[in-house]
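Colleague: My questions all concern the structure below.
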Amino acid sequence: MEHVAAAAVIDAQGRVTGWSDGARLLTGRAADEVVGRPATELLAGALPARLLAARGGNVAVRHRDGHRVELPVTVCPVLGPGGTPTGYVVTAGPPCPPPAALAARAFQQASMSMAVFDLDQRYLRVNDAVGRLMGVSEEALLGRFFPETVEDTEHSRGFLQHLRQVARTGRPVRYESYTGAPALNREHAWSIEMWPLAHDSGEPAGVALAAFDSSDQYWARRRLALLNEAATGIGTSLDVVRTAEELVGLLVPQYADFASVDLLDWVLGAEEPPMIPDGAVQLCRVAHGSTREGNPGAALKLGETDVYQPSSPPARALREGRAVLAQAGEPAFVEWLAERDARSPEGRRHRLGVHSMIAVPLRARGTPLGVAVCVRAAHPDDYGGDDAVFAEELASRAAVCIDNARRFARERSTALALQHSLLPRGLPGQAAVEVAHRYLPCGSLAGIGGDWFDVIPLSGSRVALVVGDVVGHGIRSSATMGRLRTAVRTLADVDLHPDELLTHLDDLVTHLASDDSGEEVAELGATCLYAVYDPVSRRLSLAAAGHPAPALVLPGREPEFVTMTAGPPLGVGGLPFEAAELELPEGSVVALYTDGLVEDRGRDVDHATEELRRALGAPADLLEALSDDVLKAVLPGQPTDDVALLLVRTRALGADRVATWDVRPDPAEVATCRQAATECLAAWGLEEAAFVTELVVSELVTNAIRYGAPPIQLRLIRDRALICEVSDASSTSPHLRRAHAYDEGGRGLLLVAQLTQRWGSRQTAGGKTIWAEQPLPGP
């Protein structure tokens, strides 16, 4: 009964028999004025019909001074022995305020900001929430013009515009706005609704508004929008530093006034991730950004490393694997800021006002990569729990992109190192051709391709020229390229014709593609062009497997492309390769290249091919300069595929360096050949080589007469080495064997192998050729 304001007791006849002091206070009537009188005399109106049945309701009582008092009453019957009411106990609470008063209180005490303006945008009424928001009392606002009470901002101008619109049109509006709240020292988002007010006659009277603080919803939407923006704005390139810069660009200025990304050293290199130490952590600054131009206040320059102490927020975030918040006044924050100031005293003034920071680890696939730090100074709100959750989600997405970039960079560097190790570092010097070459790895995200080139010295001063392209990119393509290059060198050593060599190479690729080892072989397709140039006959033989035909520049003529039949790419199998043969004058330039030079997604192949033809026609004494000119004229800024270019200028070995004799199939001719060879060496000034040469000529000519078939020919070539060749019409190739003690023969080739630098045999169109090389005497 402690909340009961008044009580009265009424008997069965409706007379008052009891009257409390609370009743006296509510009605102004003392007990002696009321007790014994009918209760109905106290009423200001008729008694509600259902008052007793409903056990309560609202009753109007006449106060002693005559005014009407509305009371909510509760009726409790007093029962006699038979259960019939013998009286009633009536209790009443405080008097009910009038509806207008309740509405006024609802307006004044509403949690949202509410105000009423006249048609000239002057304040008529504001509630308490508006006063708290603006930091002034209601009396200070009433009657004033709205623009006089606020700063001239985009928000206030829009607010005034909407007030005038409602006053002019009489139609309500609803919109959202974002602005600061000076009294609350924080930024707010508002959902504002304005509606017109009218007199009883319908004439416009003013404009009412209600503004709901939707800051929490606004920031939740902003955080979600930032995460969506991160999905498309971070990781656009597989570059670690660029990805870190994209993260900073997303954070500043929407989420932080200053942000930085520091990575562990191993992320920028090729080492495996180390264990995170429990003590200090060394990190490298890769990106930072600020709302102030020039990134003032940054304690580190880009590329510099710093050691973070164990208690610092970045080190804790990295060690604990979660976001760490620090606010102004906290020991960790003060220590961190002091350490930053000591590191960069000139940036201290730019860090004045810093009041909140958050450090969040960058972790991908369970591996720590670094830490991102966000700082607020001009932004009035401190970082909170929701910001920590958002930062961790954003950092996890960015970390995956950084790790992808790191993995790509590592694979690319591995593939590039593998490819460079497989490509020829220095082409061997020989008299047949002058060579210049260029190799450019692609700059696309696909990775290093499988383009290669090679120059292989052959017997008889001939040279093999090779360019090839393995389908695909990455380490697998580079490894496949190495296997094919080794296979080409092996087959070239057998001295096969170009079309035969490609046939064997095609069989190899087909065999690798059908390997049952379970290895993926989708990238084993390849193209190749193989050519052999003979400086003695000045003939170029070449065949292609799905590869672009080379360009040819004859002395004094315009560049042209060699007309040839390009066979299918390697690995197709079952289709023949056709060889073409050209006779070239000395000084001809042959350009072999891969398709990356002329083919590109954004370029017309015919146009690029014509640019190549024109570039090759430019006068150039040095092939090195011509190579650079070709790349500048034909290639775009950054090729999307690997490019290999091999330029060759042919030379010829004249009669002064080649001597040839026809040999009759008569053993007596051996002595004649020895004599002729000795005289030739004397004419060349190579008398010191005469002894070995006589033995080699004697053995090779004897074998050709004894085991070969006519016609037989002896040839000496003076190149970088002295070459002795004996040809006959037999296709049977000799081989080394160890002669037993009583064998009469079998020691000749063994003697040749011991006396010369190298020797071998090759098949020709008319039989075979046995050759041996020995170094030239002298320095």
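Every chain in the structure tokens takes a letter, A first, then B, and so on in the order presented; its residues are numbered from 1, and the ligands are numbered from 1 following the presented order.
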Excluding region 552-569 of chain A and its own-chain neighbours fewer than 3 positions away, which residues fall within 6 Å of it when counting only C-alpha atoms? Please give them as a count of residues only.
Modeller: 12
Colleague: List the spatial neighbours of Glu245 (chain A) as a PyMOL selection string - criterion: any atom at most 9 Å away, only C-alpha atoms, same-chain residues fewer than 2 positions off excluded.
Modeller: chain A and resi 234+240-243+247-250+260-261+286-289
Colleague: Fewer than 5 positions away in the same chain doesn't count, so skip those; otherwise give me all residues within 7 Å of region 84-89 of chain A, counting only C-alpha atoms, as a PyMOL selection string.
Modeller: chain A and resi 8-12+75-79
Colleague: Among region 450-559 of chain A, which residues does DSSP mark as alpha helix (DSSP H) when it is run on the backbone? Keep the chain and numbering as in the structure and answer as a PyMOL selection string.
Modeller: chain A and resi 475-493+498-513
Colleague: For Ala591 (chain A), work out the shell of residues within 6 Å, counting only C-alpha atoms and skipping chain neighbours fewer than 5 positions away, then give it as a count of residues only.
Modeller: 4
Colleague: Rounded to one decimal, what separation in Å do you get between CA of Ser214 (chain A) and CA of Arg174 (chain A)?
Modeller: 13.4 Å
Colleague: Per DSSP on the backbone, filter region 268-417 of chain A down to the residues in strand (DSSP E or B) and report them as a PDB file with N, CA and C atoms, in the first residue's frame.
Modeller:
```
ATOM      1  N   VAL A 281      60.099  -7.798 -32.083  1.00  0.00           N
ATOM      2  CA  VAL A 281      59.804  -8.250 -33.449  1.00  0.00           C
ATOM      3  C   VAL A 281      60.321  -7.205 -34.413  1.00  0.00           C
ATOM      4  N   GLN A 282      61.042  -7.650 -35.442  1.00  0.00           N
ATOM      5  CA  GLN A 282      61.549  -6.742 -36.470  1.00  0.00           C
ATOM      6  C   GLN A 282      60.627  -6.798 -37.685  1.00  0.00           C
ATOM      7  N   LEU A 283      60.170  -5.630 -38.114  1.00  0.00           N
ATOM      8  CA  LEU A 283      59.239  -5.528 -39.232  1.00  0.00           C
ATOM      9  C   LEU A 283      59.742  -4.492 -40.219  1.00  0.00           C
ATOM     10  N   CYS A 284      59.334  -4.651 -41.471  1.00  0.00           N
ATOM     11  CA  CYS A 284      59.730  -3.740 -42.544  1.00  0.00           C
ATOM     12  C   CYS A 284      58.505  -2.959 -43.008  1.00  0.00           C
ATOM     13  N   ARG A 285      58.635  -1.637 -43.072  1.00  0.00           N
ATOM     14  CA  ARG A 285      57.538  -0.775 -43.518  1.00  0.00           C
ATOM     15  C   ARG A 285      57.416  -0.875 -45.059  1.00  0.00           C
ATOM     16  N   VAL A 286      56.258  -1.289 -45.536  1.00  0.00           N
ATOM     17  CA  VAL A 286      56.038  -1.418 -46.977  1.00  0.00           C
ATOM     18  C   VAL A 286      55.011  -0.431 -47.500  1.00  0.00           C
ATOM     19  N   ALA A 287      54.144   0.098 -46.619  1.00  0.00           N
ATOM     20  CA  ALA A 287      53.130   1.058 -47.075  1.00  0.00           C
ATOM     21  C   ALA A 287      52.614   1.843 -45.888  1.00  0.00           C
ATOM     22  N   HIS A 288      52.331   3.099 -46.105  1.00  0.00           N
ATOM     23  CA  HIS A 288      51.637   3.908 -45.101  1.00  0.00           C
ATOM     24  C   HIS A 288      50.916   5.047 -45.810  1.00  0.00           C
ATOM     25  N   GLY A 289      49.930   5.602 -45.124  1.00  0.00           N
ATOM     26  CA  GLY A 289      49.142   6.680 -45.696  1.00  0.00           C
ATOM     27  C   GLY A 289      48.544   7.524 -44.591  1.00  0.00           C
ATOM     28  N   SER A 290      48.280   8.791 -44.912  1.00  0.00           N
ATOM     29  CA  SER A 290      47.773   9.730 -43.919  1.00  0.00           C
ATOM     30  C   SER A 290      46.764  10.653 -44.576  1.00  0.00           C
ATOM     31  N   THR A 305      63.317  -0.808 -41.705  1.00  0.00           N
ATOM     32  CA  THR A 305      62.906  -1.809 -40.721  1.00  0.00           C
ATOM     33  C   THR A 305      62.961  -1.197 -39.334  1.00  0.00           C
ATOM     34  N   ASP A 306      62.144  -1.739 -38.437  1.00  0.00           N
ATOM     35  CA  ASP A 306      62.109  -1.253 -37.064  1.00  0.00           C
ATOM     36  C   ASP A 306      61.866  -2.443 -36.145  1.00  0.00           C
ATOM     37  N   VAL A 307      62.324  -2.298 -34.917  1.00  0.00           N
ATOM     38  CA  VAL A 307      62.157  -3.340 -33.912  1.00  0.00           C
ATOM     39  C   VAL A 307      61.069  -2.896 -32.941  1.00  0.00           C
ATOM     40  N   TYR A 308      60.008  -3.689 -32.827  1.00  0.00           N
ATOM     41  CA  TYR A 308      58.893  -3.385 -31.923  1.00  0.00           C
ATOM     42  C   TYR A 308      59.087  -4.182 -30.630  1.00  0.00           C
ATOM     43  N   VAL A 324      44.616  -5.517 -31.192  1.00  0.00           N
ATOM     44  CA  VAL A 324      44.949  -4.919 -29.903  1.00  0.00           C
ATOM     45  C   VAL A 324      44.597  -3.436 -29.966  1.00  0.00           C
ATOM     46  N   LEU A 325      43.722  -3.004 -29.042  1.00  0.00           N
ATOM     47  CA  LEU A 325      43.304  -1.610 -28.970  1.00  0.00           C
ATOM     48  C   LEU A 325      44.123  -0.885 -27.916  1.00  0.00           C
ATOM     49  N   ALA A 326      44.375   0.400 -28.154  1.00  0.00           N
ATOM     50  CA  ALA A 326      45.054   1.238 -27.163  1.00  0.00           C
ATOM     51  C   ALA A 326      44.506   2.646 -27.283  1.00  0.00           C
ATOM     52  N   GLN A 327      44.198   3.260 -26.119  1.00  0.00           N
ATOM     53  CA  GLN A 327      43.608   4.589 -26.102  1.00  0.00           C
ATOM     54  C   GLN A 327      44.538   5.542 -25.367  1.00  0.00           C
ATOM     55  N   SER A 356      43.682   7.382 -30.280  1.00  0.00           N
ATOM     56  CA  SER A 356      43.264   5.983 -30.322  1.00  0.00           C
ATOM     57  C   SER A 356      44.014   5.266 -31.434  1.00  0.00           C
ATOM     58  N   MET A 357      44.363   4.022 -31.208  1.00  0.00           N
ATOM     59  CA  MET A 357      45.027   3.224 -32.230  1.00  0.00           C
ATOM     60  C   MET A 357      44.600   1.775 -32.092  1.00  0.00           C
ATOM     61  N   ILE A 358      44.742   1.065 -33.197  1.00  0.00           N
ATOM     62  CA  ILE A 358      44.443  -0.355 -33.213  1.00  0.00           C
ATOM     63  C   ILE A 358      45.497  -1.046 -34.059  1.00  0.00           C
ATOM     64  N   ALA A 359      46.058  -2.125 -33.563  1.00  0.00           N
ATOM     65  CA  ALA A 359      47.036  -2.939 -34.279  1.00  0.00           C
ATOM     66  C   ALA A 359      46.409  -4.303 -34.534  1.00  0.00           C
ATOM     67  N   VAL A 360      46.427  -4.723 -35.783  1.00  0.00           N
ATOM     68  CA  VAL A 360      45.780  -5.978 -36.151  1.00  0.00           C
ATOM     69  C   VAL A 360      46.767  -6.832 -36.937  1.00  0.00           C
ATOM     70  N   PRO A 361      46.877  -8.114 -36.601  1.00  0.00           N
ATOM     71  CA  PRO A 361      47.851  -8.964 -37.301  1.00  0.00           C
ATOM     72  C   PRO A 361      47.363  -9.329 -38.698  1.00  0.00           C
ATOM     73  N   LEU A 362      48.313  -9.496 -39.597  1.00  0.00           N
ATOM     74  CA  LEU A 362      48.043 -10.002 -40.942  1.00  0.00           C
ATOM     75  C   LEU A 362      48.447 -11.472 -40.959  1.00  0.00           C
ATOM     76  N   ARG A 363      47.445 -12.341 -40.961  1.00  0.00           N
ATOM     77  CA  ARG A 363      47.690 -13.784 -40.918  1.00  0.00           C
ATOM     78  C   ARG A 363      46.932 -14.435 -42.070  1.00  0.00           C
ATOM     79  N   ALA A 364      47.611 -15.333 -42.750  1.00  0.00           N
ATOM     80  CA  ALA A 364      46.998 -16.056 -43.862  1.00  0.00           C
ATOM     81  C   ALA A 364      47.362 -17.528 -43.746  1.00  0.00           C
ATOM     82  N   THR A 367      49.581 -18.505 -40.963  1.00  0.00           N
ATOM     83  CA  THR A 367      50.952 -18.008 -40.948  1.00  0.00           C
ATOM     84  C   THR A 367      50.964 -16.500 -40.768  1.00  0.00           C
ATOM     85  N   PRO A 368      51.686 -15.972 -39.748  1.00  0.00           N
ATOM     86  CA  PRO A 368      51.765 -14.508 -39.579  1.00  0.00           C
ATOM     87  C   PRO A 368      52.640 -13.885 -40.656  1.00  0.00           C
ATOM     88  N   LEU A 369      52.154 -12.785 -41.226  1.00  0.00           N
ATOM     89  CA  LEU A 369      52.883 -12.087 -42.284  1.00  0.00           C
ATOM     90  C   LEU A 369      53.374 -10.717 -41.837  1.00  0.00           C
ATOM     91  N   GLY A 370      52.635 -10.076 -40.965  1.00  0.00           N
ATOM     92  CA  GLY A 370      52.989  -8.734 -40.533  1.00  0.00           C
ATOM     93  C   GLY A 370      51.868  -8.150 -39.699  1.00  0.00           C
ATOM     94  N   VAL A 371      51.814  -6.831 -39.652  1.00  0.00           N
ATOM     95  CA  VAL A 371      50.816  -6.156 -38.823  1.00  0.00           C
ATOM     96  C   VAL A 371      50.418  -4.843 -39.500  1.00  0.00           C
ATOM     97  N   ALA A 372      49.132  -4.508 -39.370  1.00  0.00           N
ATOM     98  CA  ALA A 372      48.608  -3.220 -39.838  1.00  0.00           C
ATOM     99  C   ALA A 372      48.235  -2.382 -38.621  1.00  0.00           C
ATOM    100  N   VAL A 373      48.587  -1.112 -38.660  1.00  0.00           N
ATOM    101  CA  VAL A 373      48.319  -0.196 -37.548  1.00  0.00           C
ATOM    102  C   VAL A 373      47.445   0.947 -38.061  1.00  0.00           C
ATOM    103  N   CYS A 374      46.362   1.231 -37.345  1.00  0.00           N
ATOM    104  CA  CYS A 374      45.459   2.340 -37.671  1.00  0.00           C
ATOM    105  C   CYS A 374      45.437   3.322 -36.500  1.00  0.00           C
ATOM    106  N   VAL A 375      45.480   4.610 -36.814  1.00  0.00           N
ATOM    107  CA  VAL A 375      45.556   5.653 -35.794  1.00  0.00           C
ATOM    108  C   VAL A 375      44.485   6.698 -36.085  1.00  0.00           C
ATOM    109  N   ARG A 376      43.848   7.197 -35.028  1.00  0.00           N
ATOM    110  CA  ARG A 376      42.866   8.274 -35.159  1.00  0.00           C
ATOM    111  C   ARG A 376      43.335   9.488 -34.365  1.00  0.00           C
TER     112      ARG A 376
END
```
Colleague: Excluding Thr594 (chain A) and residues on its chain fewer than 3 positions from it, collect all residues at most 10 Å away from it, counting only C-alpha atoms, and give them as a PyMOL selection string.
Modeller: chain A and resi 439+451-453+467-469+527-529+547-550+597-599+641-646
Colleague: Residues of the last selection are to be written out with C-alpha atoms, as a short mmCIF file (atom, residue, chain, number, x, y, z; two decimals), in the first residue's frame.
Modeller:
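And here's part.cif as it stands now:
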```cif
data_model
loop_
_atom_site.label_atom_id
_atom_site.label_comp_id
_atom_site.auth_asym_id
_atom_site.auth_seq_id
_atom_site.Cartn_x
_atom_site.Cartn_y
_atom_site.Cartn_z
CA TYR A 439 64.93 -12.97 -73.89
CA ASP A 451 60.27 -19.95 -74.44
CA TRP A 452 63.84 -20.94 -75.25
CA PHE A 453 66.53 -20.58 -77.87
CA VAL A 467 63.82 -21.49 -80.94
CA GLY A 468 60.90 -23.07 -79.11
CA ASP A 469 57.88 -22.29 -76.99
CA THR A 527 56.31 -25.46 -80.84
CA CYS A 528 59.83 -25.53 -82.22
CA LEU A 529 61.89 -24.38 -85.18
CA HIS A 547 56.29 -22.34 -85.04
CA PRO A 548 56.33 -19.00 -86.90
CA ALA A 549 58.58 -18.92 -89.95
CA PRO A 550 61.80 -16.91 -89.56
CA LEU A 597 57.04 -11.03 -80.23
CA VAL A 598 54.13 -10.51 -82.63
CA GLU A 599 51.07 -12.01 -80.92
CA ASP A 641 53.96 -13.51 -73.03
CA ASP A 642 57.61 -14.52 -73.03
CA VAL A 643 59.65 -13.24 -75.95
CA ALA A 644 62.74 -14.93 -77.41
CA LEU A 645 64.59 -13.33 -80.33
CA LEU A 646 67.64 -14.84 -82.05
#
```
Colleague: Would you kindly return, as an mmCIF file with N, CA and C atoms, in the first residue's frame, each protein, DNA or RNA residue with an atom no farther than 10 Å from any atom of Tyr533 (chain A), considering only C-alpha atoms and excluding same-chain residues fewer than 3 positions away?
Modeller:
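Wrote part-v4.cif, looks like this:
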```
data_model
loop_
_atom_site.group_PDB
_atom_site.id
_atom_site.type_symbol
_atom_site.label_atom_id
_atom_site.label_comp_id
_atom_site.auth_asym_id
_atom_site.auth_seq_id
_atom_site.Cartn_x
_atom_site.Cartn_y
_atom_site.Cartn_z
ATOM 1 N N ALA A 432 80.766 -19.900 -88.282
ATOM 2 C CA ALA A 432 79.640 -20.012 -89.203
ATOM 3 C C ALA A 432 78.740 -18.787 -89.161
ATOM 4 N N VAL A 433 78.449 -18.255 -87.978
ATOM 5 C CA VAL A 433 77.487 -17.169 -87.858
ATOM 6 C C VAL A 433 77.911 -16.197 -86.765
ATOM 7 N N PRO A 457 76.866 -25.855 -81.822
ATOM 8 C CA PRO A 457 77.897 -26.154 -82.825
ATOM 9 C C PRO A 457 77.773 -27.610 -83.294
ATOM 10 N N LEU A 458 77.889 -27.817 -84.590
ATOM 11 C CA LEU A 458 77.856 -29.158 -85.177
ATOM 12 C C LEU A 458 79.184 -29.436 -85.863
ATOM 13 N N SER A 461 82.027 -27.404 -88.995
ATOM 14 C CA SER A 461 81.818 -25.961 -88.830
ATOM 15 C C SER A 461 80.368 -25.543 -88.993
ATOM 16 N N ARG A 462 79.471 -26.502 -89.057
ATOM 17 C CA ARG A 462 78.062 -26.153 -89.170
ATOM 18 C C ARG A 462 77.530 -25.747 -87.783
ATOM 19 N N VAL A 463 76.347 -25.130 -87.800
ATOM 20 C CA VAL A 463 75.741 -24.674 -86.551
ATOM 21 C C VAL A 463 74.244 -24.918 -86.624
ATOM 22 N N ALA A 464 73.654 -25.335 -85.498
ATOM 23 C CA ALA A 464 72.213 -25.532 -85.402
ATOM 24 C C ALA A 464 71.614 -24.354 -84.645
ATOM 25 N N LEU A 465 70.493 -23.846 -85.151
ATOM 26 C CA LEU A 465 69.783 -22.715 -84.550
ATOM 27 C C LEU A 465 68.410 -23.199 -84.112
ATOM 28 N N VAL A 536 80.224 -23.725 -95.335
ATOM 29 C CA VAL A 536 80.981 -24.129 -96.529
ATOM 30 C C VAL A 536 80.080 -24.063 -97.765
ATOM 31 N N SER A 537 78.926 -24.696 -97.670
ATOM 32 C CA SER A 537 77.983 -24.666 -98.804
ATOM 33 C C SER A 537 77.063 -23.463 -98.766
ATOM 34 N N ARG A 538 77.065 -22.714 -97.649
ATOM 35 C CA ARG A 538 76.183 -21.559 -97.421
ATOM 36 C C ARG A 538 74.712 -21.936 -97.552
ATOM 37 N N ARG A 539 74.376 -23.151 -97.146
ATOM 38 C CA ARG A 539 72.994 -23.610 -97.241
ATOM 39 C C ARG A 539 72.384 -23.670 -95.830
ATOM 40 N N LEU A 540 71.106 -23.231 -95.768
ATOM 41 C CA LEU A 540 70.346 -23.256 -94.518
ATOM 42 C C LEU A 540 69.194 -24.231 -94.681
ATOM 43 N N SER A 541 69.173 -25.271 -93.846
ATOM 44 C CA SER A 541 68.085 -26.245 -93.842
ATOM 45 C C SER A 541 67.279 -26.032 -92.570
ATOM 46 N N LEU A 542 65.960 -25.994 -92.698
ATOM 47 C CA LEU A 542 65.141 -25.719 -91.522
ATOM 48 C C LEU A 542 63.788 -26.405 -91.638
ATOM 49 N N GLU A 581 65.082 -25.713 -97.699
ATOM 50 C CA GLU A 581 66.521 -25.489 -97.827
ATOM 51 C C GLU A 581 66.757 -24.249 -98.673
ATOM 52 N N LEU A 582 67.632 -23.370 -98.185
ATOM 53 C CA LEU A 582 67.942 -22.109 -98.860
ATOM 54 C C LEU A 582 69.447 -21.980 -98.993
ATOM 55 N N GLU A 583 69.880 -21.325 -100.058
ATOM 56 C CA GLU A 583 71.285 -20.963 -100.213
ATOM 57 C C GLU A 583 71.399 -19.472 -99.965
ATOM 58 N N LEU A 584 72.210 -19.107 -98.974
ATOM 59 C CA LEU A 584 72.271 -17.718 -98.522
ATOM 60 C C LEU A 584 73.619 -17.106 -98.874
ATOM 61 N N THR A 650 75.030 -14.629 -91.284
ATOM 62 C CA THR A 650 75.782 -15.765 -91.806
ATOM 63 C C THR A 650 77.175 -15.346 -92.269
ATOM 64 N N ARG A 651 78.093 -16.296 -92.144
ATOM 65 C CA ARG A 651 79.442 -16.154 -92.685
ATOM 66 C C ARG A 651 79.687 -17.311 -93.650
#
```
Colleague: Could you check the closest approach to Ala709 (chain A) for each of A:Ala405, A:Ile456, A:Ala729, A:Ala230 and tell me which residue wins, using only C-alpha atoms?
Modeller: A:Ala729
Colleague: Quick one: everything within 12 Å of Val90 (chain A), counting only C-alpha atoms, minus sequence neighbours fewer than 6 positions away in the same chain. Send it as an MDAnalysis selection string.
Modeller: chainID A and resid 4:11 14 16:20 23 39 51:52 55:59 71:78
Colleague: Mind writing the picked residues with C-alpha atoms as a PDB file, in the first residue's frame?
Modeller:
```pdb
ATOM      1  CA  VAL A   4      -1.393   4.229  -2.666  1.00  0.00           C
ATOM      2  CA  ALA A   5      -2.056   7.983  -2.495  1.00  0.00           C
ATOM      3  CA  ALA A   6      -5.507   7.777  -0.883  1.00  0.00           C
ATOM      4  CA  ALA A   7      -8.007   5.297   0.631  1.00  0.00           C
ATOM      5  CA  ALA A   8     -11.696   5.400   1.632  1.00  0.00           C
ATOM      6  CA  VAL A   9     -14.130   2.870   3.143  1.00  0.00           C
ATOM      7  CA  ILE A  10     -17.759   2.832   1.922  1.00  0.00           C
ATOM      8  CA  ASP A  11     -20.521   0.714   3.466  1.00  0.00           C
ATOM      9  CA  GLY A  14     -22.871   3.892  -0.178  1.00  0.00           C
ATOM     10  CA  VAL A  16     -18.331   6.915   3.640  1.00  0.00           C
ATOM     11  CA  THR A  17     -17.221   5.236   6.846  1.00  0.00           C
ATOM     12  CA  GLY A  18     -13.446   5.722   6.577  1.00  0.00           C
ATOM     13  CA  TRP A  19     -11.221   8.475   5.134  1.00  0.00           C
ATOM     14  CA  SER A  20      -7.394   8.508   4.919  1.00  0.00           C
ATOM     15  CA  ALA A  23      -7.724  11.281   0.570  1.00  0.00           C
ATOM     16  CA  ALA A  39     -19.989   8.890  -1.507  1.00  0.00           C
ATOM     17  CA  LEU A  51     -16.945   0.571 -11.671  1.00  0.00           C
ATOM     18  CA  LEU A  52     -17.890  -2.041  -9.039  1.00  0.00           C
ATOM     19  CA  ARG A  55     -13.207  -3.503  -9.537  1.00  0.00           C
ATOM     20  CA  GLY A  56     -11.868  -0.136 -10.608  1.00  0.00           C
ATOM     21  CA  GLY A  57     -11.582   2.619 -13.215  1.00  0.00           C
ATOM     22  CA  ASN A  58     -11.268   6.383 -13.541  1.00  0.00           C
ATOM     23  CA  VAL A  59     -13.444   8.530 -11.254  1.00  0.00           C
ATOM     24  CA  LEU A  71      -8.362   9.728 -10.108  1.00  0.00           C
ATOM     25  CA  PRO A  72      -7.606   6.137 -11.102  1.00  0.00           C
ATOM     26  CA  VAL A  73      -9.305   4.058  -8.367  1.00  0.00           C
ATOM     27  CA  THR A  74      -9.324   0.414  -7.348  1.00  0.00           C
ATOM     28  CA  VAL A  75     -12.428  -1.061  -5.639  1.00  0.00           C
ATOM     29  CA  CYS A  76     -12.089  -4.001  -3.236  1.00  0.00           C
ATOM     30  CA  PRO A  77     -15.348  -5.436  -1.733  1.00  0.00           C
ATOM     31  CA  VAL A  78     -15.558  -6.357   1.991  1.00  0.00           C
TER      32      VAL A  78
END
```
Colleague: Using only C-alpha atoms, which residue out of A:Asp595, A:Gly353, A:Ala391, A:Ala198 lies closest to Gly450 (chain A)?
Modeller: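 Of all the options, A:Asp595 lies closest to Gly450 (chain A).
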